[in-house]
Structures are given as C-alpha cells and as structure tokens.
>>> print(open('coords_38.cif').read())   # mmCIF, C-alpha atoms
data_input
loop_
_atom_site.label_atom_id
_atom_site.label_comp_id
_atom_site.auth_asym_id
_atom_site.auth_seq_id
_atom_site.Cartn_x
_atom_site.Cartn_y
_atom_site.Cartn_z
CA MET F 1 0.00 0.00 0.00
CA ALA F 2 1.26 3.45 -0.91
CA LEU F 3 2.29 5.89 1.73
CA ASN F 4 -0.09 8.71 2.44
CA LEU F 5 1.07 12.14 3.60
CA ILE F 6 -1.45 14.49 5.15
CA ILE F 7 -0.30 18.09 4.81
CA GLY F 8 -1.52 21.65 5.22
CA ASN F 9 -1.52 24.48 2.68
CA LYS F 10 1.52 24.41 0.44
CA ASN F 11 1.74 28.19 0.50
CA TYR F 12 1.99 28.44 4.27
CA SER F 13 2.65 25.11 5.98
CA SER F 14 6.37 24.98 6.57
CA TRP F 15 6.14 21.77 8.59
CA SER F 16 4.31 20.02 5.76
CA MET F 17 6.97 20.97 3.27
CA ARG F 18 9.73 19.14 5.15
CA PRO F 19 8.70 15.48 4.76
CA TRP F 20 7.05 16.22 1.40
CA ILE F 21 10.26 17.48 -0.18
CA GLY F 22 12.23 14.69 1.51
CA LEU F 23 9.95 12.05 -0.01
CA LYS F 24 10.00 13.69 -3.44
CA VAL F 25 13.76 14.09 -3.63
CA ALA F 26 14.20 10.50 -2.46
CA GLY F 27 11.84 9.40 -5.22
CA ILE F 28 9.52 7.58 -2.83
CA PRO F 29 5.97 7.39 -4.22
CA PHE F 30 3.19 8.63 -1.93
CA ASP F 31 -0.34 9.97 -2.04
CA GLU F 32 -1.02 13.35 -0.52
CA GLU F 33 -4.03 14.89 1.12
CA VAL F 34 -4.05 18.66 1.57
CA ILE F 35 -6.12 20.04 4.42
CA SER F 36 -6.49 23.80 4.28
CA LEU F 37 -5.53 24.97 7.77
CA TYR F 38 -7.79 27.20 9.87
CA ASP F 39 -10.76 26.34 7.69
CA GLU F 40 -13.99 25.25 9.27
CA GLY F 41 -13.70 21.57 10.00
CA SER F 42 -9.96 21.38 9.31
CA ARG F 43 -9.14 20.61 12.94
CA ALA F 44 -11.57 17.71 13.03
CA LYS F 45 -10.10 16.36 9.79
CA ILE F 46 -6.59 16.46 11.24
CA LEU F 47 -7.66 14.98 14.57
CA ALA F 48 -9.16 12.05 12.67
CA HIS F 49 -5.60 11.17 11.65
CA SER F 50 -3.60 12.18 14.74
CA PRO F 51 -4.45 12.94 18.35
CA ALA F 52 -1.85 15.71 18.38
CA GLY F 53 -3.98 17.60 15.86
CA LYS F 54 -1.06 18.72 13.75
CA VAL F 55 0.11 18.26 10.17
CA PRO F 56 2.09 16.69 8.62
CA ILE F 57 1.10 13.08 9.28
CA LEU F 58 2.55 10.10 7.45
CA ILE F 59 0.36 7.05 7.14
CA ASP F 60 2.06 3.77 6.27
CA GLY F 61 -0.48 0.97 6.50
CA ASP F 62 -1.52 0.99 10.14
CA VAL F 63 1.46 3.06 11.29
CA ARG F 64 0.80 6.76 11.78
CA VAL F 65 3.71 9.08 12.31
CA TRP F 66 3.53 12.80 12.95
CA GLU F 67 6.12 15.48 13.81
CA SER F 68 8.46 16.16 10.86
CA LEU F 69 11.55 14.94 12.62
CA ALA F 70 9.94 11.64 13.63
CA ILE F 71 8.66 11.22 10.07
CA LEU F 72 12.14 11.77 8.67
CA GLU F 73 13.63 9.25 11.13
CA TYR F 74 10.90 6.79 10.14
CA LEU F 75 11.64 7.26 6.45
CA ALA F 76 15.38 6.94 7.11
CA GLU F 77 14.79 3.48 8.60
CA ARG F 78 12.09 2.38 6.17
CA PHE F 79 13.96 3.48 3.04
CA SER F 80 17.51 2.97 4.21
CA GLY F 81 18.72 2.75 0.61
CA PHE F 82 18.26 6.47 0.01
CA GLY F 83 20.41 7.71 2.86
CA PHE F 84 18.23 10.33 4.49
CA TRP F 85 21.06 10.93 6.93
CA PRO F 86 24.72 11.23 5.90
CA ALA F 87 26.61 7.92 5.91
CA ASP F 88 29.55 9.23 7.93
CA LEU F 89 29.05 9.03 11.71
CA THR F 90 30.30 12.53 12.53
CA ALA F 91 28.37 14.10 9.67
CA ARG F 92 25.26 12.20 10.68
CA ALA F 93 25.47 13.38 14.29
CA HIS F 94 25.95 16.93 13.05
CA ALA F 95 23.02 16.63 10.64
CA ARG F 96 20.76 15.47 13.43
CA ALA F 97 21.92 18.22 15.77
CA ILE F 98 21.17 20.99 13.30
CA SER F 99 17.88 19.37 12.26
CA THR F 100 16.81 19.23 15.87
CA GLU F 101 17.96 22.80 16.44
CA MET F 102 15.62 23.75 13.60
CA HIS F 103 12.80 21.65 14.99
CA ALA F 104 12.40 23.57 18.23
CA GLY F 105 14.31 26.76 17.56
CA PHE F 106 14.37 30.09 15.76
CA VAL F 107 10.95 31.00 17.09
CA PRO F 108 11.29 34.81 16.74
CA PHE F 109 12.37 34.48 13.13
CA ARG F 110 9.66 31.95 12.39
CA SER F 111 6.92 34.12 13.84
CA GLU F 112 8.13 37.33 12.19
CA CYS F 113 8.76 35.74 8.80
CA SER F 114 6.18 33.04 8.30
CA MET F 115 6.59 30.91 5.24
CA ASN F 116 4.72 32.33 2.27
CA PHE F 117 5.48 31.22 -1.27
CA TRP F 118 3.33 33.72 -3.12
CA ARG F 119 4.62 36.80 -1.29
CA PRO F 120 6.60 39.02 -3.69
CA PRO F 121 10.05 39.26 -2.05
CA ALA F 122 10.22 42.33 0.20
CA LYS F 123 12.06 43.22 3.38
CA ARG F 124 10.43 43.52 6.80
CA THR F 125 11.72 45.19 9.94
CA LEU F 126 12.88 42.40 12.21
CA SER F 127 13.60 42.20 15.94
CA ALA F 128 17.14 41.71 17.21
CA GLU F 129 16.18 38.15 18.22
CA ALA F 130 15.00 37.30 14.70
CA GLN F 131 18.19 38.79 13.29
CA ALA F 132 20.24 36.64 15.66
CA ASN F 133 18.30 33.60 14.42
CA ILE F 134 19.10 34.54 10.82
CA ALA F 135 22.78 34.87 11.67
CA ARG F 136 22.76 31.47 13.36
CA VAL F 137 21.04 29.80 10.39
CA GLN F 138 23.62 31.27 8.01
CA GLU F 139 26.37 30.06 10.33
CA ILE F 140 24.84 26.55 10.37
CA TRP F 141 24.57 26.37 6.59
CA THR F 142 28.01 27.81 5.97
CA GLU F 143 29.67 25.52 8.49
CA ALA F 144 27.94 22.39 7.17
CA ARG F 145 28.75 23.29 3.55
CA ALA F 146 32.39 24.01 4.38
CA THR F 147 32.90 20.93 6.56
CA TYR F 148 30.75 18.27 4.95
CA GLY F 149 29.54 19.65 1.64
CA ALA F 150 32.29 18.60 -0.75
CA GLY F 151 30.24 15.90 -2.48
CA GLY F 152 27.46 18.17 -3.78
CA PRO F 153 25.62 21.46 -3.39
CA PHE F 154 23.64 20.56 -0.27
CA LEU F 155 24.48 20.87 3.43
CA PHE F 156 26.12 17.45 3.54
CA GLY F 157 26.94 17.24 -0.15
CA LYS F 158 24.08 15.09 -1.29
CA PHE F 159 20.52 16.01 -0.26
CA SER F 160 19.68 14.84 3.27
CA ALA F 161 16.97 15.17 5.89
CA ALA F 162 18.78 18.27 7.18
CA ASP F 163 18.08 20.03 3.88
CA ALA F 164 14.45 19.01 4.15
CA MET F 165 14.33 20.53 7.65
CA TYR F 166 15.75 23.83 6.41
CA ALA F 167 13.80 24.04 3.11
CA PRO F 168 11.12 26.35 4.54
CA VAL F 169 13.85 28.65 5.87
CA VAL F 170 15.24 28.98 2.35
CA GLN F 171 11.80 30.20 1.26
CA ARG F 172 11.60 32.62 4.21
CA PHE F 173 14.97 34.06 3.24
CA ILE F 174 13.62 34.59 -0.29
CA ALA F 175 10.21 36.00 0.67
CA TYR F 176 11.63 38.50 3.17
CA ASP F 177 14.63 39.38 1.02
CA ILE F 178 17.16 38.54 3.74
CA ASP F 179 20.70 39.68 3.03
CA VAL F 180 22.90 36.62 2.74
CA SER F 181 26.51 35.74 2.05
CA ALA F 182 27.62 34.27 -1.29
CA PRO F 183 27.94 30.68 0.00
CA VAL F 184 24.46 30.89 1.55
CA LYS F 185 23.07 32.21 -1.70
CA ALA F 186 24.65 29.33 -3.61
CA TYR F 187 23.07 26.85 -1.20
CA MET F 188 19.67 28.48 -1.58
CA GLN F 189 19.99 28.27 -5.36
CA ALA F 190 20.74 24.55 -5.16
CA MET F 191 17.57 24.07 -3.12
CA THR F 192 15.31 26.14 -5.37
CA ALA F 193 16.68 24.35 -8.45
CA LEU F 194 15.32 21.00 -7.22
CA PRO F 195 12.42 19.76 -9.38
CA ALA F 196 10.61 18.95 -6.12
CA TRP F 197 10.98 22.56 -5.00
CA LYS F 198 9.48 23.80 -8.24
CA GLU F 199 6.62 21.34 -8.02
CA TRP F 200 5.74 22.47 -4.47
CA ARG F 201 6.03 26.15 -5.41
CA ARG F 202 3.81 25.75 -8.47
CA ALA F 203 1.12 24.13 -6.36
CA ALA F 204 1.50 26.77 -3.60
CA LEU F 205 1.06 29.67 -5.99
CA SER F 206 -2.17 28.25 -7.36
CA GLU F 207 -3.82 27.62 -3.98
CA PRO F 208 -6.98 29.61 -3.32
CA TRP F 209 -6.82 29.73 0.49
CA VAL F 210 -5.67 32.94 2.20
CA ILE F 211 -4.75 32.93 5.91
CA PRO F 212 -4.76 36.52 7.22
CA THR F 213 -2.40 35.82 10.16
CA PHE F 214 0.37 34.97 7.72
CA GLU F 215 -0.25 37.93 5.42
CA TYR F 216 1.64 40.85 6.90
CA ASP F 217 0.08 43.38 4.51
CA TRP F 218 -3.41 42.29 5.47
CA PRO F 219 -6.10 43.23 4.42
CA GLU F 220 -4.03 43.49 1.29
CA VAL F 221 -2.76 40.16 -0.01
CA LYS F 222 0.26 40.68 -2.18
CA ARG F 223 0.80 37.64 -4.30
CA LEU F 224 2.77 36.56 -7.29
CA PRO F 225 0.57 35.29 -10.10
CA ALA F 226 0.34 31.52 -10.47
CA GLU F 227 2.08 31.88 -13.83
CA ALA F 228 5.18 33.19 -12.01
CA ALA F 229 5.91 29.61 -11.05
CA MET R 1 32.25 10.46 26.73
CA LYS R 2 31.42 13.72 28.42
CA LEU R 3 28.04 15.31 28.97
CA VAL R 4 27.97 19.09 29.36
CA ILE R 5 24.95 20.19 31.38
CA GLY R 6 23.50 23.20 33.19
CA ASN R 7 22.20 23.44 36.76
CA LYS R 8 20.47 20.31 37.95
CA ASN R 9 17.82 22.27 39.79
CA TYR R 10 16.56 24.08 36.72
CA SER R 11 17.90 22.63 33.48
CA SER R 12 15.18 20.40 32.13
CA TRP R 13 17.05 19.81 28.89
CA SER R 14 20.16 18.66 30.73
CA PHE R 15 18.12 16.28 32.83
CA ARG R 16 16.93 14.24 29.85
CA PRO R 17 20.16 12.73 28.45
CA TRP R 18 21.76 12.58 31.92
CA PHE R 19 18.82 10.57 33.23
CA ALA R 20 18.69 8.27 30.21
CA MET R 21 22.40 7.49 30.37
CA LYS R 22 22.25 6.78 34.10
CA VAL R 23 19.17 4.57 33.89
CA LEU R 24 20.52 2.64 30.90
CA GLY R 25 24.00 2.30 32.36
CA ILE R 26 26.00 4.27 29.81
CA PRO R 27 29.09 5.62 31.58
CA PHE R 28 30.03 9.29 31.11
CA GLU R 29 31.82 12.12 32.77
CA GLU R 30 29.70 15.13 33.65
CA ILE R 31 30.72 18.76 33.10
CA LEU R 32 28.37 21.18 34.83
CA ILE R 33 28.32 24.81 33.71
CA PRO R 34 25.99 26.77 35.98
CA PHE R 35 23.76 29.61 34.93
CA GLY R 36 22.10 31.88 37.47
CA SER R 37 22.69 34.22 40.36
CA PRO R 38 23.66 35.50 42.90
CA VAL R 39 26.80 33.55 42.10
CA GLY R 40 25.99 34.25 38.48
CA ASN R 41 27.80 33.22 35.39
CA ALA R 42 28.03 35.95 32.79
CA ASP R 43 30.44 33.65 31.05
CA PHE R 44 27.91 30.82 30.48
CA LYS R 45 27.57 31.29 26.72
CA ALA R 46 31.31 31.46 26.22
CA GLN R 47 31.89 28.36 28.34
CA VAL R 48 29.22 26.34 26.56
CA GLY R 49 30.39 27.73 23.23
CA ARG R 50 33.60 25.78 23.69
CA TYR R 51 31.52 22.61 23.32
CA SER R 52 28.67 23.64 21.02
CA PRO R 53 28.28 26.36 18.40
CA ALA R 54 24.61 26.67 19.32
CA GLY R 55 25.64 27.78 22.82
CA LEU R 56 23.09 25.52 24.47
CA VAL R 57 23.26 22.68 26.97
CA PRO R 58 23.25 19.71 26.95
CA VAL R 59 26.14 18.74 24.71
CA LEU R 60 27.54 15.23 24.38
CA VAL R 61 31.23 15.08 23.60
CA ASP R 62 32.58 11.80 22.28
CA GLY R 63 36.17 12.28 21.17
CA ASP R 64 36.02 14.92 18.49
CA ILE R 65 32.30 14.45 17.90
CA HIS R 66 30.13 17.08 19.55
CA VAL R 67 26.39 16.52 19.57
CA TRP R 68 23.96 19.10 20.88
CA GLU R 69 20.16 19.01 21.09
CA THR R 70 18.71 16.28 23.28
CA LEU R 71 16.97 14.34 20.53
CA ALA R 72 20.11 14.29 18.42
CA ILE R 73 22.04 13.05 21.46
CA PHE R 74 19.56 10.20 21.86
CA GLU R 75 19.86 9.22 18.21
CA TYR R 76 23.64 9.25 18.56
CA LEU R 77 23.58 7.09 21.69
CA SER R 78 21.07 4.77 20.06
CA GLU R 79 23.49 4.10 17.21
CA LYS R 80 26.54 3.86 19.41
CA PHE R 81 25.01 1.56 22.02
CA PRO R 82 22.39 -0.49 20.14
CA GLU R 83 22.33 -3.02 22.98
CA LYS R 84 21.04 -0.34 25.37
CA GLN R 85 17.89 0.09 23.29
CA LEU R 86 17.45 3.81 23.59
CA TRP R 87 14.41 3.29 21.36
CA PRO R 88 12.01 0.32 21.44
CA ALA R 89 13.08 -2.65 19.30
CA ASP R 90 9.73 -2.99 17.51
CA PRO R 91 9.66 -0.62 14.48
CA ARG R 92 6.13 0.49 15.14
CA ALA R 93 6.70 1.19 18.82
CA ARG R 94 9.93 2.92 17.83
CA ALA R 95 8.08 5.22 15.42
CA GLU R 96 5.59 6.06 18.14
CA ALA R 97 8.35 6.70 20.67
CA ARG R 98 10.02 9.13 18.28
CA VAL R 99 6.72 10.85 17.58
CA ILE R 100 5.99 11.60 21.22
CA ALA R 101 9.63 12.51 21.90
CA SER R 102 9.47 15.04 19.04
CA GLU R 103 6.14 16.31 20.25
CA MET R 104 7.76 16.95 23.62
CA HIS R 105 10.80 18.51 22.05
CA ALA R 106 8.97 21.33 20.32
CA GLY R 107 5.73 21.49 22.27
CA PHE R 108 4.00 22.12 25.58
CA LEU R 109 5.26 25.70 25.78
CA PRO R 110 2.51 27.04 28.07
CA LEU R 111 3.14 24.31 30.64
CA ARG R 112 6.90 24.68 30.34
CA THR R 113 6.69 28.45 30.82
CA GLU R 114 4.22 28.39 33.68
CA CYS R 115 5.80 25.46 35.50
CA PRO R 116 9.58 25.61 35.13
CA VAL R 117 11.53 22.66 36.45
CA ASN R 118 12.63 23.54 39.98
CA PHE R 119 13.44 20.54 42.14
CA ARG R 120 14.13 22.69 45.20
CA ARG R 121 10.65 24.20 45.27
CA PRO R 122 8.37 22.51 47.80
CA VAL R 123 5.21 21.04 46.30
CA ARG R 124 2.66 23.84 45.98
CA THR R 125 -0.26 24.06 43.60
CA ARG R 126 -0.36 26.83 41.07
CA ALA R 127 -3.23 28.13 38.95
CA LEU R 128 -2.64 27.22 35.31
CA SER R 129 -3.87 28.87 32.13
CA ALA R 130 -6.29 26.97 29.93
CA ALA R 131 -3.48 26.37 27.44
CA ALA R 132 -1.26 24.82 30.13
CA GLN R 133 -4.16 22.70 31.33
CA ALA R 134 -4.61 21.45 27.77
CA ASN R 135 -0.91 20.53 27.78
CA VAL R 136 -1.41 18.55 30.99
CA ALA R 137 -4.36 16.71 29.46
CA ARG R 138 -2.31 15.88 26.37
CA LEU R 139 0.59 14.62 28.53
CA GLU R 140 -1.75 12.40 30.51
CA ALA R 141 -3.27 11.07 27.28
CA ILE R 142 0.17 10.27 25.86
CA TRP R 143 1.46 8.59 29.00
CA ASN R 144 -1.65 6.64 29.83
CA GLY R 145 -2.19 5.59 26.23
CA CYS R 146 1.33 4.19 25.97
CA VAL R 147 1.30 2.47 29.35
CA ALA R 148 -2.07 0.86 28.53
CA ARG R 149 -0.94 -0.34 25.11
CA TYR R 150 2.57 -1.49 25.99
CA GLY R 151 1.92 -2.73 29.49
CA GLY R 152 4.03 -0.32 31.59
CA PRO R 153 5.52 0.48 33.98
CA PHE R 154 7.29 2.78 31.49
CA LEU R 155 5.86 4.15 28.28
CA PHE R 156 7.01 1.28 26.08
CA GLY R 157 7.38 -1.36 28.79
CA LYS R 158 11.02 -0.97 29.65
CA PHE R 159 12.57 2.46 30.12
CA CYS R 160 13.58 4.22 26.86
CA ALA R 161 14.51 7.63 25.48
CA ALA R 162 10.85 8.65 25.33
CA ASP R 163 10.60 8.33 29.12
CA ALA R 164 13.72 10.45 29.48
CA MET R 165 12.10 13.12 27.30
CA PHE R 166 9.17 13.28 29.69
CA ALA R 167 11.17 13.11 32.94
CA PRO R 168 11.06 16.90 33.42
CA GLY R 169 7.31 16.74 32.74
CA VAL R 170 6.99 14.36 35.67
CA ALA R 171 8.97 16.79 37.84
CA ARG R 172 6.72 19.69 36.81
CA MET R 173 3.54 17.75 37.57
CA ARG R 174 4.91 16.96 40.99
CA THR R 175 6.36 20.36 41.96
CA TYR R 176 3.27 22.32 40.99
CA GLY R 177 0.86 19.84 42.57
CA ILE R 178 -0.98 19.27 39.31
CA LYS R 179 -4.03 17.08 39.74
CA VAL R 180 -3.69 13.92 37.70
CA GLY R 181 -5.46 10.61 37.37
CA PRO R 182 -4.32 7.42 39.14
CA GLU R 183 -2.72 5.95 36.00
CA THR R 184 -0.68 9.10 35.53
CA LEU R 185 0.36 9.00 39.14
CA ALA R 186 1.47 5.38 38.80
CA TYR R 187 3.68 6.32 35.84
CA MET R 188 5.14 9.27 37.75
CA GLU R 189 5.89 7.04 40.70
CA ALA R 190 7.65 4.48 38.49
CA MET R 191 9.85 7.27 37.12
CA MET R 192 10.60 8.79 40.53
CA ALA R 193 11.43 5.36 41.96
CA LEU R 194 14.44 5.03 39.63
CA PRO R 195 17.70 5.48 41.55
CA ALA R 196 18.89 7.97 38.94
CA TRP R 197 15.98 10.24 39.88
CA ASP R 198 17.15 10.51 43.48
CA GLN R 199 20.69 10.99 42.36
CA TRP R 200 19.79 13.98 40.16
CA CYS R 201 17.31 15.38 42.62
CA GLY R 202 19.74 15.08 45.55
CA ALA R 203 22.39 17.00 43.63
CA ALA R 204 19.82 19.62 42.56
CA LEU R 205 18.83 20.29 46.17
CA LYS R 206 22.42 21.00 47.11
CA GLU R 207 22.84 23.69 44.46
CA THR R 208 22.80 27.31 45.56
CA TRP R 209 22.47 29.13 42.24
CA ILE R 210 19.21 30.96 41.75
CA VAL R 211 17.56 31.71 38.42
CA ALA R 212 14.90 34.36 39.00
CA GLU R 213 12.97 33.61 35.79
CA ASP R 214 12.42 30.04 36.91
CA GLU R 215 11.26 31.01 40.41
CA VAL R 216 7.53 31.48 39.95
CA ASP R 217 7.11 32.88 43.47
CA TRP R 218 9.84 35.48 42.90
CA PRO R 219 11.06 37.51 44.78
CA THR R 220 10.27 34.74 47.24
CA VAL R 221 12.37 31.63 46.69
CA LEU R 222 10.61 28.70 48.28
CA THR R 223 12.91 25.97 49.50
CA ALA R 224 12.09 22.71 51.15
#
>>> encode(input="coords_38.cif", output="structure tokens")
Amino acid sequence: MALNLIIGNKNYSSWSMRPWIGLKVAGIPFDEEVISLYDEGSRAKILAHSPAGKVPILIDGDVRVWESLAILEYLAERFSGFGFWPADLTARAHARAISTEMHAGFVPFRSECSMNFWRPPAKRTLSAEAQANIARVQEIWTEARATYGAGGPFLFGKFSAADAMYAPVVQRFIAYDIDVSAPVKAYMQAMTALPAWKEWRRAALSEPWVIPTFEYDWPEVKRLPAEAA
Amino acid sequence: MKLVIGNKNYSSWSFRPWFAMKVLGIPFEEILIPFGSPVGNADFKAQVGRYSPAGLVPVLVDGDIHVWETLAIFEYLSEKFPEKQLWPADPRARAEARVIASEMHAGFLPLRTECPVNFRRPVRTRALSAAAQANVARLEAIWNGCVARYGGPFLFGKFCAADAMFAPGVARMRTYGIKVGPETLAYMEAMMALPAWDQWCGAALKETWIVAEDEVDWPTVLTA
C-alpha cells in the first residue's frame, strides 16, 4: 500500500513541506491529502488522523507518524537505501543536531517571517532576536557546507533530511529578502533548483486559500501570479 | 564520553540525556556549567560555546564528535550503544516513541513556561492557564495511552529515550501539585522510583544558584 502524507496548505505550511520534499527528492511514491488549515472543520479532519492535531502526518499501513523529525527518522529506517542521513558518523550526528535545532528553535524568526510562497520578495523590519536567528542559520549552513559539503551542493553534499528541515527557511529568506553571504546564496539556489521545490512552489502559488495571520500586509494580499511559477 | 549540562535544579534539557544514560548504564563524565545568580555566570555562553556552536546545553562530547540538542544526542547514543535500546526494538513502537519525543521537544510551551523545572521548590499548587491545562491533558493522554498499550511500567514497557524526554514533565507535575489521574500518578511514581531520579534530585537540592525567571514565586524563593 502506498504511503499517504497528510499536509496543510503548500503556500503556508512549513512543517508540511519538510517530509514532502524529503519524499520527493528520495523518489519515494506517496499519495497526498491537503487540508487547508484554519478552515472550518480542518481541525476535526486532522484529529481524525492524529491525536496531536497537527500536520504533517505520514500514514504507512496501520502506522501513523507525525512530527516532521519523527517522520524523517521513520523514512530513514524504512527506506535505508536512500540515505536520508549522511553515511559518515560525525556528519550524521551533526546533521541530526542541526535538524533538531531547527525543529524547536528560531521561534522569533519563524513568527516574524512566516513561510509564504506567493509573497513578492520584500524586506520587513525584524527584531534583534530574529536577526540573531538569521545569523545562526547562516552560520549553520556555511559551516555544514564548508565541513561536509564537498560531495554536492547541499548541506552534507548530497541532499539529506537536514536540507528538508531547512527548506522552509530557504523560502523565508527569499520572501523577506534577507541579506545573505555568497555561500548561503549558492546553497539556496541549489535548493530552489530541485524539481521537487518547483513542483511544491507551483502548487503553492495556485492555492486559493488565504490565511490573514500569515499575510503581513493584510487586508491586502500581495501575491505573485500563479504563472510566475 | 562527556556530557555538558547546566544546573540540575533548573535545566530540564540537561536532565533528559543525563537521566537516560544513568538509567541505561552508559558511563560518562559530567561537566556542569551553571547559569544563574547570585553567584551568576556571565560567562555561560562562552563556556558552553567551547563545546557547542549553538551555545546551548546539553552537549555530548565523544572524542572529536560534539552533539547538541537532546533528541540528536539520543539518536547518537542509540546508534553507538544499540544493545542499550534507547528506542524500542519494535519498528512500530519505535516510530511512536520518536513521535511523542518530538512532540515533547517542540511542544508544551505554556506548561513549560508556567511550570519551570525547579526541584528545590516545595510542592505547591499553582493556577494554570487553559493552554497549560490542555498541555497537561495531552501529557496524561500520551502517557496513559502508551502504558495501557505497551503494558508499563514505562511508556514502552522498559525504560527508553521517550521516558527520558518526559522526565522533566513528571517533575513539573509533581512540583506544581498538578491534579492527575491514578494511572498518571502510577507512571510518575515508576519514574521517581528510579535510583537515577534521586541521584539527580539530591544533587539539585544541594545547588545554591538561583535563576529568578524560573522562580515562579519570585522575589520569594521557596525551598524545602
């Protein structure tokens, strides 16, 4: 039976993007169900799949896994051939550390720059905390690229779960026109060049659902036309 | 192997890997870097920064490998000591254990903010927000669901990393006198009966550093 991934809006749901892009890049077939968040009845639909009431949720037969990091660990075991984590022990430990740091961290940055694919890139005034988060993310990417990235354009050379964890941050950097160093820019370009990235973005830009909380120019909704993808 | 931790009285994150390694019998040397006052440690970030670029405790140091973030430490230990079974052996139980560990890792903020870990504080009830009460209900559902399905006394039968993730949750429930059901209480008692619990708690009570933000009765500091 095919895997089923329950996700939220592609335009806004950063957590959903993580396992989705991981599965796509790994070439693992799966069905997807999009539940538009904050819509009437969306909570009940999510709760029907997981008692935590959060997307994404991976359904594999009678196994249900939620929380992006747990999903990625599950996929790493289930599809060990792909190598979701780097093969080298030190690199793998580092990949897990930075993935976990992403999982619970960077809250000021995340709340001030929510993921939004259709937002035309434009700067926002950010708090000192959010700026510190941005500096730390750039440090993480630059260090991983410099130390482990020789074999390819991603954090650990070849695409890994760590890249999946940081994919939404790449989009935040784009949407809020964050000033970045040349190596960071090169990494972001490698991510946005992925066919999976383009597929997600195309779908995001054609979604009809607008969530005011994530639209900082509300009541105006600035959005790139679907054709821009 | 070395484990870099913060104060035992307050550092919930430090408690998790320390507790797991003690319960599972993984030997390590402990390096404690205190934060807090009046002794204070303005140098905390710099001292931790020697071990981890994120500047956070805990950090596991194994030769030239430095692992920070509790969950990443557990995954590292799980690979290094497969015989210790940091995660349950059954793939399905293992997936579930990782799910609830991740849920703990990034969640329960209202409860964590309103009820900071503070072993020294005598048990006193505290009024909780609706959001924190919802966190308590979710914790009870997770614990009781696992114990019922896997047979207890720990979440997946024998003690594993998921229990370690919730150890500070047990301490919070106790310290703030949170009303819980009998099944929840039985799980808490199983956790607190582990010798490693007393060992950590005993050391915490001897500490003199005070962190005002974690003292909910501030400027009063309640001590047993």
>>> residues_around(input="coords_38.cif", residues="range 65-81 of chain R", least_positions_apart="6", cutoff="8 Å", atoms="only C-alpha atoms", output="ChimeraX atom specification")
/F:90,93-94,96-97,100-101 /R:13-14,16-17,51-52,54,56-59,87,101-102,105,161
>>> residues_near_point(input="coords_38.cif", point="(14.1, 33.2, 4.4)", cutoff="12 Å", atoms="all atoms listed in the file", output="JSON, numbers by chain")
{"F": [14, 106, 109, 110, 111, 112, 113, 114, 115, 116, 117, 119, 121, 122, 123, 124, 130, 131, 133, 134, 135, 137, 138, 166, 167, 168, 169, 170, 171, 172, 173, 174, 175, 176, 177, 178, 179, 180, 184, 185, 188]}
>>> residues_around(input="coords_38.cif", residues="Leu58 in chain F", least_positions_apart="3", cutoff="7 Å", atoms="only C-alpha atoms", output="list in words")
Asn4, Leu5, Ile6, Arg64, Val65, Trp66 and Ile71 of chain F
>>> residues_around(input="coords_38.cif", residues="Ala161 in chain F", least_positions_apart="5", cutoff="8 Å", atoms="all atoms listed in the file", output="PDB file with C-alpha atoms, in the coordinates of the input")
ATOM      1  CA  GLY F  22      12.230  14.690   1.510  1.00  0.00           C
ATOM      2  CA  LEU F  72      12.140  11.770   8.670  1.00  0.00           C
ATOM      3  CA  PHE F  84      18.230  10.330   4.490  1.00  0.00           C
ATOM      4  CA  TRP F  85      21.060  10.930   6.930  1.00  0.00           C
ATOM      5  CA  ALA F  95      23.020  16.630  10.640  1.00  0.00           C
ATOM      6  CA  SER F  99      17.880  19.370  12.260  1.00  0.00           C
TER       7      SER F  99
END
>>> atom_distance(input="coords_38.cif", atom1="CA of Ala132 in chain R", atom2="CA of Gly53 in chain F")
16.2 Å
>>> closest_residue(input="coords_38.cif", among="F:Ile59, F:Ala52, F:Leu89, F:Ala104", to="chain R", atoms="only C-alpha atoms")
F:Ala104
>>> residues_around(input="coords_38.cif", residues="range 181-184 of chain R", least_positions_apart="4", cutoff="12 Å", atoms="all atoms listed in the file", output="PyMOL selection string")
chain R and resi 136-148+151-155+169-170+173-174+188-191
>>> axis_aligned_box(input="coords_38.cif", around="range 115-134 of chain R", padding_each_side="6 Å", output="AutoDock Vina command-line options")
--center_x 3.9 --center_y 24.7 --center_z 37.6 --size_x 32.4 --size_y 20.3 --size_z 32.4
>>> closest_residue(input="coords_38.cif", among="F:Ser160, F:Gln189, F:Ser68, F:Ser206", to="chain R", atoms="all atoms listed in the file")
F:Ser68
>>> resolve_selection(input="coords_38.cif", expression="the PyMOL selection byres ((chain R and resi 117) around 7)", output="PyMOL selection string")
chain R and resi 10+12+115-116+118-119+168+171-172
>>> residues_around(input="coords_38.cif", residues="Leu3 in chain F", least_positions_apart="3", cutoff="7 Å", atoms="all atoms listed in the file", output="ChimeraX atom specification")
/F:30-31,59-60
>>> closest_residue(input="coords_38.cif", among="F:Gly83, F:Gly157, F:Gly8, F:Pro56", to="chain R", atoms="only C-alpha atoms")
F:Pro56
>>> atom_distance(input="coords_38.cif", atom1="CA of Asn7 in chain R", atom2="CA of Trp209 in chain R")
7.9 Å
>>> closest_residue(input="coords_38.cif", among="F:Pro212, F:Gly81, F:Pro195, F:Gly105", to="chain R", atoms="all atoms listed in the file")
F:Gly105
>>> atom_distance(input="coords_38.cif", atom1="CA of Glu32 in chain F", atom2="CA of Arg92 in chain F")
28.6 Å
>>> closest_residue(input="coords_38.cif", among="R:Val99, R:Leu185, R:Met21, R:Val48", to="Ile57 in chain F", atoms="only C-alpha atoms")
R:Val99
